[in-house]
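Chemist: Sending over upload15.tsv (TSV, C-alpha atoms and all ligand atoms).
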chain	number	residue	atom	x	y	z
U	1224	MET	CA	0.00	0.00	0.00
U	1225	MET	CA	1.27	3.53	-0.83
U	1226	GLU	CA	1.74	5.92	2.10
U	1227	THR	CA	-1.27	8.09	1.11
U	1228	GLU	CA	-3.52	5.04	0.80
U	1229	LEU	CA	-2.29	3.84	4.17
U	1230	ARG	CA	-3.14	7.22	5.72
U	1231	ILE	CA	-6.63	7.18	4.23
U	1232	ALA	CA	-7.20	3.62	5.47
U	1233	ALA	CA	-5.93	4.58	8.94
U	1234	ALA	CA	-8.18	7.67	9.01
U	1235	GLN	CA	-11.22	5.57	8.03
U	1236	ALA	CA	-10.42	2.95	10.67
U	1237	LEU	CA	-10.06	5.64	13.34
U	1238	LYS	CA	-13.39	7.23	12.32
U	1239	SER	CA	-15.04	3.82	12.63
U	1240	ILE	CA	-13.51	3.36	16.09
U	1241	ALA	CA	-14.78	6.84	16.99
U	1242	ARG	CA	-18.35	5.70	16.17
U	1243	ASN	CA	-18.09	2.23	17.72
U	1244	GLU	CA	-20.32	2.12	20.79
U	1245	LEU	CA	-18.95	-1.28	21.94
U	1246	ILE	CA	-15.34	-0.06	21.94
U	1247	LYS	CA	-16.43	3.12	23.72
U	1248	GLN	CA	-18.26	1.20	26.47
U	1249	HIS	CA	-15.33	-1.17	26.83
U	1250	ILE	CA	-12.89	1.72	27.32
U	1251	LYS	CA	-15.26	3.53	29.74
U	1252	GLY	CA	-15.73	0.42	31.83
U	1253	SER	CA	-12.07	-0.56	31.97
U	1254	GLU	CA	-10.11	0.46	35.05
U	1255	ASP	CA	-6.84	0.03	33.13
U	1256	LEU	CA	-7.67	1.31	29.65
U	1257	TYR	CA	-9.68	4.43	30.60
U	1258	PRO	CA	-6.93	6.21	32.60
U	1259	LEU	CA	-4.25	5.13	30.13
U	1260	LEU	CA	-6.07	6.46	27.07
U	1261	PHE	CA	-7.24	9.55	28.95
U	1262	HIS	CA	-3.57	10.47	29.45
U	1263	ALA	CA	-3.22	10.52	25.68
U	1264	ALA	CA	-6.59	12.22	25.12
U	1265	LYS	CA	-5.54	15.06	27.43
U	1266	ARG	CA	-3.54	16.50	24.59
U	1267	PHE	CA	-6.90	17.49	23.04
U	1268	ILE	CA	-9.29	17.49	25.99
U	1269	VAL	CA	-8.81	20.07	28.68
U	1270	GLY	CA	-10.06	17.82	31.49
U	1271	GLU	CA	-13.03	15.89	32.79
U	1272	THR	CA	-14.84	18.71	34.60
U	1273	LYS	CA	-16.08	22.24	33.92
U	1274	GLU	CA	-13.71	23.45	36.65
U	1275	ASP	CA	-10.78	22.13	34.56
U	1276	ALA	CA	-12.15	23.92	31.49
U	1277	VAL	CA	-12.89	27.23	33.22
U	1278	THR	CA	-9.48	27.31	34.96
U	1279	GLU	CA	-7.75	26.95	31.59
U	1280	ALA	CA	-10.16	29.44	29.99
U	1281	ILE	CA	-9.31	32.11	32.59
U	1282	GLU	CA	-5.60	31.59	31.93
U	1283	LEU	CA	-6.06	31.85	28.16
U	1284	VAL	CA	-8.28	34.94	28.36
U	1285	SER	CA	-5.62	36.62	30.53
U	1286	ARG	CA	-3.23	35.99	27.63
U	1287	GLY	CA	-5.44	37.66	25.03
U	1288	TYR	CA	-7.30	34.67	23.60
U	1289	SER	CA	-11.06	34.22	23.50
U	1290	VAL	CA	-12.42	30.77	24.27
U	1291	SER	CA	-15.17	28.36	23.29
U	1292	LEU	CA	-16.22	25.85	25.93
U	1293	GLU	CA	-17.91	22.56	25.25
U	1294	CYS	CA	-19.02	19.71	27.47
U	1295	ILE	CA	-18.55	16.87	25.00
U	1296	GLY	CA	-21.56	14.76	24.10
U	1297	GLU	CA	-23.91	13.99	21.24
U	1298	ASN	CA	-26.69	11.68	20.06
U	1299	ILE	CA	-28.32	11.37	23.48
U	1300	GLY	CA	-31.58	9.48	23.09
U	1301	ASP	CA	-32.64	9.58	26.74
U	1302	GLU	CA	-34.68	12.61	27.83
U	1303	HIS	CA	-33.36	12.59	31.41
U	1304	GLN	CA	-29.75	12.65	30.16
U	1305	CYS	CA	-30.59	15.57	27.85
U	1306	VAL	CA	-31.95	17.51	30.82
U	1307	GLU	CA	-28.75	16.70	32.73
U	1308	ALA	CA	-26.68	17.93	29.77
U	1309	LYS	CA	-28.69	21.16	29.58
U	1310	ASN	CA	-28.17	21.68	33.33
U	1311	GLU	CA	-24.43	21.08	32.92
U	1312	PHE	CA	-24.35	23.81	30.25
U	1313	LEU	CA	-26.32	26.16	32.53
U	1314	GLU	CA	-23.74	25.60	35.29
U	1315	LEU	CA	-20.98	26.10	32.75
U	1316	ILE	CA	-22.47	29.46	31.76
U	1317	HIS	CA	-22.54	30.50	35.44
U	1318	ALA	CA	-18.96	29.32	35.99
U	1319	ALA	CA	-17.62	31.00	32.85
U	1320	GLY	CA	-19.88	34.03	33.17
U	1321	LYS	CA	-17.11	36.23	34.55
U	1322	LEU	CA	-15.33	35.90	31.20
U	1323	GLY	CA	-18.38	37.48	29.48
U	1324	GLN	CA	-17.89	38.33	25.84
U	1325	GLN	CA	-14.58	36.50	25.70
U	1326	SER	CA	-16.31	33.16	26.10
U	1327	THR	CA	-18.71	31.19	23.99
U	1328	ILE	CA	-20.53	27.98	24.84
U	1329	SER	CA	-20.44	25.42	22.03
U	1330	LEU	CA	-22.82	22.51	21.87
U	1331	ASP	CA	-24.28	19.76	19.74
U	1332	LEU	CA	-28.07	19.98	19.54
U	1333	SER	CA	-28.22	16.16	19.69
U	1334	HIS	CA	-26.62	16.44	23.13
U	1335	ILE	CA	-29.48	18.51	24.56
U	1336	GLY	CA	-32.52	16.88	23.00
U	1337	MET	CA	-32.61	16.75	19.20
U	1338	THR	CA	-32.32	12.97	19.13
U	1339	VAL	CA	-35.35	12.71	21.45
U	1340	ASN	CA	-37.45	15.37	19.69
U	1341	GLU	CA	-36.86	18.80	18.21
U	1342	GLU	CA	-39.14	20.59	20.67
U	1343	LEU	CA	-37.06	19.39	23.63
U	1344	ALA	CA	-33.89	20.66	21.96
U	1345	TYR	CA	-35.59	23.99	21.21
U	1346	GLN	CA	-36.76	24.47	24.81
U	1347	HIS	CA	-33.27	23.68	26.10
U	1348	LEU	CA	-31.64	25.91	23.53
U	1349	ILE	CA	-33.72	28.99	24.34
U	1350	GLU	CA	-33.17	28.46	28.06
U	1351	LEU	CA	-29.40	28.36	27.48
U	1352	ALA	CA	-29.49	31.28	25.06
U	1353	GLY	CA	-31.37	33.41	27.61
U	1354	GLU	CA	-28.94	32.56	30.40
U	1355	ALA	CA	-25.93	33.18	28.14
U	1356	ASP	CA	-27.43	36.51	27.11
U	1357	ARG	CA	-27.75	37.59	30.75
U	1358	HIS	CA	-24.00	36.91	31.11
U	1359	GLY	CA	-23.09	38.70	27.86
U	1360	MET	CA	-22.10	35.36	26.35
U	1361	THR	CA	-22.77	33.67	23.02
U	1362	ILE	CA	-23.84	30.13	22.14
U	1363	MET	CA	-22.49	28.35	19.07
U	1364	ILE	CA	-24.37	25.43	17.58
U	1365	SER	CA	-21.99	22.77	16.27
U	1366	ALA	CA	-22.40	20.97	12.96
U	1367	GLU	CA	-23.11	17.23	13.07
U	1368	GLU	CA	-23.78	14.58	10.41
U	1369	GLU	CA	-25.34	15.87	7.18
U	1370	SER	CA	-28.50	13.89	7.95
U	1371	LYS	CA	-29.18	16.26	10.87
U	1372	LYS	CA	-28.56	19.44	8.87
U	1373	ASP	CA	-32.21	20.40	8.19
U	1374	GLY	CA	-33.24	19.81	11.81
U	1375	ILE	CA	-30.33	21.93	13.07
U	1376	ALA	CA	-31.06	24.73	10.56
U	1377	ALA	CA	-34.74	24.83	11.58
U	1378	LEU	CA	-33.85	25.13	15.28
U	1379	TYR	CA	-31.27	27.80	14.57
U	1380	LYS	CA	-33.83	29.83	12.60
U	1381	ARG	CA	-36.38	29.59	15.44
U	1382	VAL	CA	-33.96	30.60	18.19
U	1383	SER	CA	-32.48	33.44	16.09
U	1384	GLU	CA	-35.87	35.12	16.09
U	1385	SER	CA	-35.50	35.79	19.83
U	1386	TYR	CA	-31.77	35.50	20.55
U	1387	PRO	CA	-29.13	37.19	18.39
U	1388	ASN	CA	-26.41	35.73	20.64
U	1389	VAL	CA	-26.75	32.27	19.03
U	1390	GLY	CA	-24.50	31.35	16.11
U	1391	ILE	CA	-24.04	28.37	13.83
U	1392	THR	CA	-21.27	26.19	12.39
U	1393	LEU	CA	-21.07	25.51	8.64
U	1394	GLN	CA	-19.05	22.67	7.09
U	1395	ALA	CA	-17.17	23.65	3.94
U	1396	TYR	CA	-16.96	20.01	2.75
U	1397	LEU	CA	-20.72	19.67	2.21
U	1398	HIS	CA	-21.89	20.31	-1.36
U	1399	ARG	CA	-24.98	22.04	0.04
U	1400	THR	CA	-23.18	24.64	2.17
U	1401	GLU	CA	-23.36	27.57	-0.29
U	1402	VAL	CA	-27.13	27.12	-0.46
U	1403	ASP	CA	-27.34	26.83	3.34
U	1404	LEU	CA	-25.31	30.00	3.71
U	1405	LYS	CA	-27.72	31.93	1.46
U	1406	ALA	CA	-30.62	30.72	3.61
U	1407	ILE	CA	-29.11	31.89	6.91
U	1408	LYS	CA	-27.39	35.07	5.69
U	1409	SER	CA	-29.94	37.37	7.24
U	1410	TYR	CA	-30.13	35.62	10.63
U	1411	SER	CA	-28.03	36.72	13.58
U	1412	GLY	CA	-25.08	35.39	15.56
U	1413	ARG	CA	-21.59	34.34	14.64
U	1414	ILE	CA	-20.91	31.94	11.78
U	1415	ARG	CA	-18.08	29.45	12.28
U	1416	LEU	CA	-16.63	27.83	9.18
U	1417	VAL	CA	-15.01	24.40	9.56
U	1418	LYS	CA	-13.96	21.87	6.93
U	1419	GLY	CA	-16.11	19.07	8.44
U	1420	ALA	CA	-15.18	16.08	10.57
U	1421	TYR	CA	-17.73	13.34	9.84
U	1422	GLN	CA	-17.42	10.43	7.46
U	1423	GLU	CA	-19.71	11.41	4.56
U	1424	SER	CA	-19.98	9.93	1.06
U	1425	GLU	CA	-18.64	11.79	-1.97
U	1426	GLU	CA	-22.23	12.49	-3.11
U	1427	ILE	CA	-22.59	14.59	0.02
U	1428	ALA	CA	-19.14	16.00	0.76
U	1429	LEU	CA	-15.71	16.71	-0.67
U	1430	PRO	CA	-12.79	14.76	0.78
U	1431	ARG	CA	-9.69	16.62	2.05
U	1432	SER	CA	-8.20	18.07	-1.15
U	1433	GLU	CA	-7.03	21.22	-2.92
U	1434	GLN	CA	-10.60	21.56	-4.17
U	1435	LEU	CA	-11.87	21.67	-0.58
U	1436	ARG	CA	-9.24	24.24	0.33
U	1437	ALA	CA	-10.32	26.45	-2.61
U	1438	LYS	CA	-13.97	26.03	-1.63
U	1439	TYR	CA	-13.19	27.00	1.96
U	1440	ILE	CA	-11.57	30.24	0.77
U	1441	THR	CA	-14.50	31.02	-1.56
U	1442	LEU	CA	-16.87	30.54	1.37
U	1443	VAL	CA	-14.75	32.87	3.50
U	1444	GLU	CA	-15.12	35.54	0.77
U	1445	LYS	CA	-18.90	35.12	0.91
U	1446	LEU	CA	-18.88	35.22	4.70
U	1447	VAL	CA	-16.83	38.41	4.75
U	1448	ALA	CA	-19.46	39.99	2.49
U	1449	THR	CA	-22.23	39.21	5.04
U	1450	GLY	CA	-20.65	41.54	7.63
U	1451	ARG	CA	-21.56	39.00	10.34
U	1452	GLU	CA	-19.19	37.91	13.13
U	1453	ILE	CA	-17.10	35.18	11.50
U	1454	SER	CA	-14.91	32.46	13.00
U	1455	ILE	CA	-12.37	30.93	10.66
U	1456	ALA	CA	-12.04	27.55	12.35
U	1457	THR	CA	-9.15	25.66	10.77
U	1458	HIS	CA	-5.55	24.62	11.39
U	1459	ASP	CA	-4.76	24.60	7.68
U	1460	GLU	CA	-1.69	26.79	7.35
U	1461	LEU	CA	-2.21	27.49	3.63
U	1462	ILE	CA	-5.78	28.71	4.19
U	1463	ILE	CA	-4.68	30.83	7.14
U	1464	GLU	CA	-1.81	32.38	5.13
U	1465	GLU	CA	-4.21	33.28	2.31
U	1466	ILE	CA	-6.72	34.83	4.69
U	1467	VAL	CA	-4.05	36.82	6.50
U	1468	GLN	CA	-2.59	37.98	3.19
U	1469	ARG	CA	-6.00	39.19	1.98
U	1470	GLY	CA	-6.32	41.24	5.18
U	1471	TYR	CA	-9.52	39.45	6.23
U	1472	LEU	CA	-8.19	38.67	9.69
U	1473	ARG	CA	-7.60	42.37	10.39
U	1474	LYS	CA	-11.33	43.02	10.11
U	1475	PRO	CA	-12.92	43.55	13.54
U	1476	ASN	CA	-15.64	40.94	12.91
U	1477	MET	CA	-13.21	38.14	11.96
U	1478	GLU	CA	-11.36	35.72	14.22
U	1479	LEU	CA	-9.29	32.56	13.93
U	1480	GLU	CA	-10.39	29.64	16.09
U	1481	MET	CA	-8.48	26.43	16.72
U	1482	LEU	CA	-9.06	23.28	18.73
U	1483	TYR	CA	-7.11	22.99	21.96
U	1484	GLY	CA	-3.94	20.95	21.44
U	1485	ILE	CA	-3.76	21.42	17.65
U	1486	ARG	CA	-1.23	23.84	16.16
U	1487	PRO	CA	-0.87	25.89	19.37
U	1488	ASP	CA	2.42	27.23	17.95
U	1489	LEU	CA	0.61	28.84	15.01
U	1490	LEU	CA	-2.26	30.23	17.09
U	1491	LYS	CA	0.17	31.69	19.61
U	1492	LYS	CA	2.15	33.39	16.83
U	1493	LEU	CA	-1.00	34.99	15.40
U	1494	ASN	CA	-2.17	35.98	18.87
U	1495	LYS	CA	1.16	37.74	19.48
U	1496	GLU	CA	0.79	39.52	16.14
U	1497	GLY	CA	-2.46	41.01	17.38
U	1498	TYR	CA	-5.00	38.91	15.48
U	1499	ARG	CA	-8.23	37.87	17.19
U	1500	THR	CA	-7.70	34.26	18.24
U	1501	ARG	CA	-9.99	31.79	20.00
U	1502	VAL	CA	-9.23	28.41	21.57
U	1503	TYR	CA	-11.87	25.68	21.61
U	1504	LEU	CA	-11.78	23.86	24.94
U	1505	ALA	CA	-13.64	20.56	25.13
U	1506	TYR	CA	-14.06	18.72	28.40
U	1507	GLY	CA	-15.99	15.83	29.93
U	1508	LYS	CA	-16.01	12.09	30.32
U	1509	GLU	CA	-17.53	11.43	26.87
U	1510	TRP	CA	-14.25	12.17	25.07
U	1511	HIS	CA	-14.10	8.92	23.05
U	1512	LEU	CA	-15.62	10.23	19.78
U	1513	TYR	CA	-13.89	13.60	20.02
U	1514	PHE	CA	-10.48	12.02	20.67
U	1515	PHE	CA	-10.67	9.49	17.84
U	1516	HIS	CA	-11.86	12.20	15.44
U	1517	ARG	CA	-8.72	14.20	16.24
U	1518	LEU	CA	-6.59	11.12	15.53
U	1519	ALA	CA	-8.47	10.38	12.30
U	1520	GLU	CA	-7.93	13.92	11.02
U	1521	TYR	CA	-4.20	13.51	11.35
U	1522	PRO	CA	-3.14	9.84	11.59
U	1523	PRO	CA	0.50	10.74	12.50
U	1524	ASN	CA	-1.05	11.65	15.87
U	1525	MET	CA	-1.01	7.89	16.50
U	1526	TYR	CA	2.76	8.12	17.02
U	1527	ARG	CA	2.19	10.94	19.49
U	1528	VAL	CA	-0.42	8.88	21.33
U	1529	LEU	CA	1.98	5.97	21.63
U	1530	ALA	CA	4.59	8.29	23.10
U	1531	ASP	CA	2.03	9.92	25.42
U	1532	LEU	CA	0.87	6.52	26.68
U	1533	ILE	CA	4.34	5.77	27.97
U	1534	GLU	CA	5.39	9.20	29.06
U	1535	PRO	CA	2.71	11.89	28.87
U	1536	GLU	CA	4.14	15.30	28.11
U	1537	THR	CA	3.20	17.60	30.91
U	1538	ASP	CA	3.89	20.97	29.40
U	1539	PHE	CA	2.16	20.86	25.99
U	1540	ARG	CA	-0.78	22.95	27.24
U	1541	HIS	CA	1.64	25.76	27.97
U	1542	SER	CA	2.59	26.01	24.31
U	1543	LEU	CA	-0.27	28.53	23.91
U	1544	TYR	CA	1.13	30.77	26.68
U	1601	LIG	P1	-7.12	19.57	7.73
U	1601	LIG	O1	-7.82	18.43	8.36
U	1601	LIG	O2	-6.90	19.53	6.27
U	1601	LIG	O3	-5.74	19.80	8.47
U	1601	LIG	C1	-4.83	20.81	8.05
U	1601	LIG	C2	-3.56	20.70	8.89
U	1601	LIG	O4	-3.87	21.03	10.25
U	1601	LIG	C3	-2.97	19.29	8.94
U	1601	LIG	O5	-2.14	19.06	7.86
U	1601	LIG	C4	-2.25	19.34	10.27
U	1601	LIG	O6	-1.03	20.03	10.15
U	1601	LIG	C5	-3.17	20.18	11.13
U	1601	LIG	N1	-4.14	19.33	11.82
U	1601	LIG	C6	-5.46	19.19	11.54
U	1601	LIG	N2	-6.05	18.35	12.41
U	1601	LIG	C7	-5.08	17.94	13.24
U	1601	LIG	C8	-5.05	17.06	14.35
U	1601	LIG	N3	-6.13	16.42	14.76
U	1601	LIG	N4	-3.87	16.89	14.99
U	1601	LIG	C9	-2.74	17.52	14.58
U	1601	LIG	N5	-2.72	18.36	13.53
U	1601	LIG	C10	-3.86	18.56	12.87
U	1601	LIG	N6	-16.26	19.71	12.60
U	1601	LIG	C11	-17.58	19.40	12.43
U	1601	LIG	O7	-17.91	18.55	11.59
U	1601	LIG	N7	-18.52	20.03	13.19
U	1601	LIG	C12	-18.22	21.01	14.08
U	1601	LIG	O8	-19.09	21.58	14.72
U	1601	LIG	C13	-16.85	21.34	14.26
U	1601	LIG	N8	-16.45	22.32	15.14
U	1601	LIG	C14	-15.17	22.77	15.13
U	1601	LIG	C15	-14.80	23.91	15.85
U	1601	LIG	C16	-13.50	24.41	15.74
U	1601	LIG	C17	-13.13	25.63	16.52
U	1601	LIG	C18	-12.55	23.78	14.90
U	1601	LIG	C19	-11.18	24.34	14.73
U	1601	LIG	C20	-12.89	22.64	14.22
U	1601	LIG	C21	-14.18	22.12	14.33
U	1601	LIG	N9	-14.55	20.97	13.62
U	1601	LIG	C22	-15.89	20.66	13.49
U	1601	LIG	C23	-13.52	20.08	13.04
U	1601	LIG	C24	-13.26	20.42	11.59
U	1601	LIG	O9	-14.35	20.07	10.79
U	1601	LIG	C25	-12.02	19.68	11.08
U	1601	LIG	O10	-12.25	18.30	11.13
U	1601	LIG	C26	-10.73	20.02	11.81
U	1601	LIG	O11	-10.66	21.38	12.09
U	1601	LIG	C27	-9.48	19.64	10.96
U	1601	LIG	O12	-9.58	20.29	9.74
U	1601	LIG	P2	-8.59	21.50	9.30
U	1601	LIG	O13	-9.43	22.62	8.81
U	1601	LIG	O14	-7.66	21.83	10.36
U	1601	LIG	O15	-7.89	20.93	7.99
Please render this file's structure as structure tokens.
Modeler:
Amino acid sequence: MMETELRIAAAQALKSIARNELIKQHIKGSEDLYPLLFHAAKRFIVGETKEDAVTEAIELVSRGYSVSLECIGENIGDEHQCVEAKNEFLELIHAAGKLGQQSTISLDLSHIGMTVNEELAYQHLIELAGEADRHGMTIMISAEEESKKDGIAALYKRVSESYPNVGITLQAYLHRTEVDLKAIKSYSGRIRLVKGAYQESEEIALPRSEQLRAKYITLVEKLVATGREISIATHDELIIEEIVQRGYLRKPNMELEMLYGIRPDLLKKLNKEGYRTRVYLAYGKEWHLYFFHRLAEYPPNMYRVLADLIEPETDFRHSLY
């Protein structure tokens, strides 16, 4: 097998592991495996509790970054667990409230009710939006599988009618995204542009490619024209260079957002150069899917994981400081 084919095969295997409920339950229930893998996952996950996340957020805000905070979870089919998740986000808003405008709460709608029914998700979303608003904070809705796109768009439209502090994530890899962007152009809230993390067929999405990179930049042009708050959420150095060179990142409504633990060197450099930078901090015990997605996006991370399993680096989080 050629190296590229090997990488693609590894990425697909890791995405399958990410989705595998049996493997997840096995890891969660194992007294040996859970702590061992969590050591490695800590490169990308700020901790297991909101206190871990807020402590790191305060440190980062003091260094000029903004933050997004997420309690990881999705596809919850049990109503009681969705209420618990909503309550966790409410407590997170209270705990992070002192950071005000510098902090955003990010969430998957399928974590707070969409898998049960859309009305439950809507009720939870407006409750969170109202509480965030009272703290001067914003809520960002994450993008999930393409099959959930219409449900997510409908909920976003409904909540936007009352709460301008709620924004949405668009995935550049989906063929439908330009049309989706036209539909939401006049709503409120920040728009975050990501490439897309889920395993989708080529009828639905572009794979990682030059074509996807070009499409991402075209979408940024269209987003700039909306005048909305925009988050450029990528670690792709070529895209970032292009956007910096075009002067987009100097606009007051534009920011660059990266996931905690990925390219902190690059984010720190841009932060020091005075660009608006945001770090996405994910926490919680449900880190399985999130962790394996990060490995799938960049299979060489497997080497890093092996090294971290034996001797976890202790100072990597400080590479943003
Ligand atoms: P790409 O995957 O092409 O990577 C470009 C380069 O970045 C790589 O060559 C490597 O150098 C570096 N890199 C990328 N990933 C890495 C990793 N895991 N480890 C080490 N280096 C890595 N997706 C989604 O479907 N729904 C969502 O709601 C969100 N939300 C979200 C918020 C934020 C703030 C970010 C930054 C990303 C997301 N994503 C997401 C994930 C997103 O869709 C995408 O999978 C990742 O950002 C990786 O894609 P890049 O744009 O970095 O490009």
Chemist: Which residues of chain U sit at most 8 Å from ligand LIG 1601 (chain U), using only C-alpha atoms and all ligand atoms? Give each one's shortest atom pair and distance in Å (one decimal place), in chain and ascending residue order, as CSV.
Modeler:
residue,atom,partner,partner_atom,distance
U:Ser1291,CA,U:LIG1601,C17,7.6
U:Asp1331,CA,U:LIG1601,O8,7.4
U:Ile1364,CA,U:LIG1601,O8,7.1
U:Ser1365,CA,U:LIG1601,O8,3.5
U:Ala1366,CA,U:LIG1601,O8,3.8
U:Glu1367,CA,U:LIG1601,N7,5.4
U:Glu1368,CA,U:LIG1601,O7,7.2
U:Thr1392,CA,U:LIG1601,O8,5.6
U:Leu1393,CA,U:LIG1601,O8,7.5
U:Gln1394,CA,U:LIG1601,O7,6.2
U:Arg1415,CA,U:LIG1601,C15,7.4
U:Leu1416,CA,U:LIG1601,C14,7.9
U:Val1417,CA,U:LIG1601,O9,4.5
U:Lys1418,CA,U:LIG1601,O9,4.3
U:Gly1419,CA,U:LIG1601,O9,3.1
U:Ala1420,CA,U:LIG1601,O10,3.7
U:Tyr1421,CA,U:LIG1601,O7,5.5
U:Arg1431,CA,U:LIG1601,O2,5.8
U:Ser1432,CA,U:LIG1601,O2,7.7
U:Arg1436,CA,U:LIG1601,O2,7.9
U:Ser1454,CA,U:LIG1601,C17,7.9
U:Ile1455,CA,U:LIG1601,C19,7.8
U:Ala1456,CA,U:LIG1601,C19,4.1
U:Thr1457,CA,U:LIG1601,O13,3.6
U:His1458,CA,U:LIG1601,O14,3.6
U:Asp1459,CA,U:LIG1601,C1,3.8
U:Glu1460,CA,U:LIG1601,C2,6.6
U:Glu1480,CA,U:LIG1601,C17,4.9
U:Met1481,CA,U:LIG1601,C19,4.0
U:Leu1482,CA,U:LIG1601,C19,4.6
U:Gly1484,CA,U:LIG1601,N4,7.6
U:Ile1485,CA,U:LIG1601,C9,5.1
U:Arg1486,CA,U:LIG1601,N5,6.3
U:Arg1501,CA,U:LIG1601,C17,7.7
U:Val1502,CA,U:LIG1601,C17,7.0
U:Tyr1503,CA,U:LIG1601,C17,5.2
U:His1516,CA,U:LIG1601,N3,7.1
U:Arg1517,CA,U:LIG1601,N3,3.7
U:Leu1518,CA,U:LIG1601,N3,5.4
U:Ala1519,CA,U:LIG1601,N3,6.9
U:Glu1520,CA,U:LIG1601,N3,4.8
U:Tyr1521,CA,U:LIG1601,C8,4.7
U:Pro1522,CA,U:LIG1601,N4,7.9
U:Pro1523,CA,U:LIG1601,C9,7.8
U:Asn1524,CA,U:LIG1601,N4,6.0
Chemist: Using only C-alpha atoms - which residues lie no farther than 10 Å from the point (-16.0, 31.5, 35.5) in the file's frame? Write them as a PyMOL selection string.
Modeler: chain U and resi 1273-1274+1276-1278+1280-1281+1314-1323+1326
Chemist: Any idea what the distance is between atom CA of Ala1236 of chain U and atom CA of Glu1254 of chain U?
Modeler: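 According to the coordinates, atom CA of Ala1236 of chain U and atom CA of Glu1254 of chain U are separated by 24.5 Å.
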Chemist: Per residue of segment 1229-1314 of chain U within 12 Å of segment 1466-1478 of chain U, which atom pair is closest and at what distance in Å (one decimal), using only C-alpha atoms, listed by chain and increasing number, as CSV?
Modeler:
residue,atom,partner,partner_atom,distance
U:Tyr1288,CA,U:Glu1478,CA,10.3
U:Ser1289,CA,U:Glu1478,CA,9.4
U:Val1290,CA,U:Glu1478,CA,11.3
Chemist: Separation of atom CA of Leu1543 of chain U and atom CA of Glu1279 of chain U, in Å?
Modeler: 10.8 Å
Chemist: Please, which residues are within 10 Å of (-13.2, 3.6, 31.2) by the file's coordinates, counting all atoms listed in the file, and could they come as a count of residues only?
Modeler: 18
Chemist: In Å, with one decimal, what is the gap from atom CA of Ala1308 of chain U to atom CA of Phe1267 of chain U?
Modeler: 20.9 Å
Chemist: Taking only C-alpha atoms into account, name the residue in U:Ile1533, U:Ala1263, U:Leu1442, U:Leu1332 that is nearest to Gly1374 of chain U.
Modeler: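 Looking only at the distances to Gly1374 of chain U, the closest residue turns out to be U:Leu1332.
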Chemist: With distances taken over all atoms listed in the file, which of U:Leu1343, U:Tyr1483, U:Lys1309, U:Asp1301 is nearest to Tyr1513 of chain U?
Modeler: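 Smallest distance to Tyr1513 of chain U is found for U:Tyr1483.
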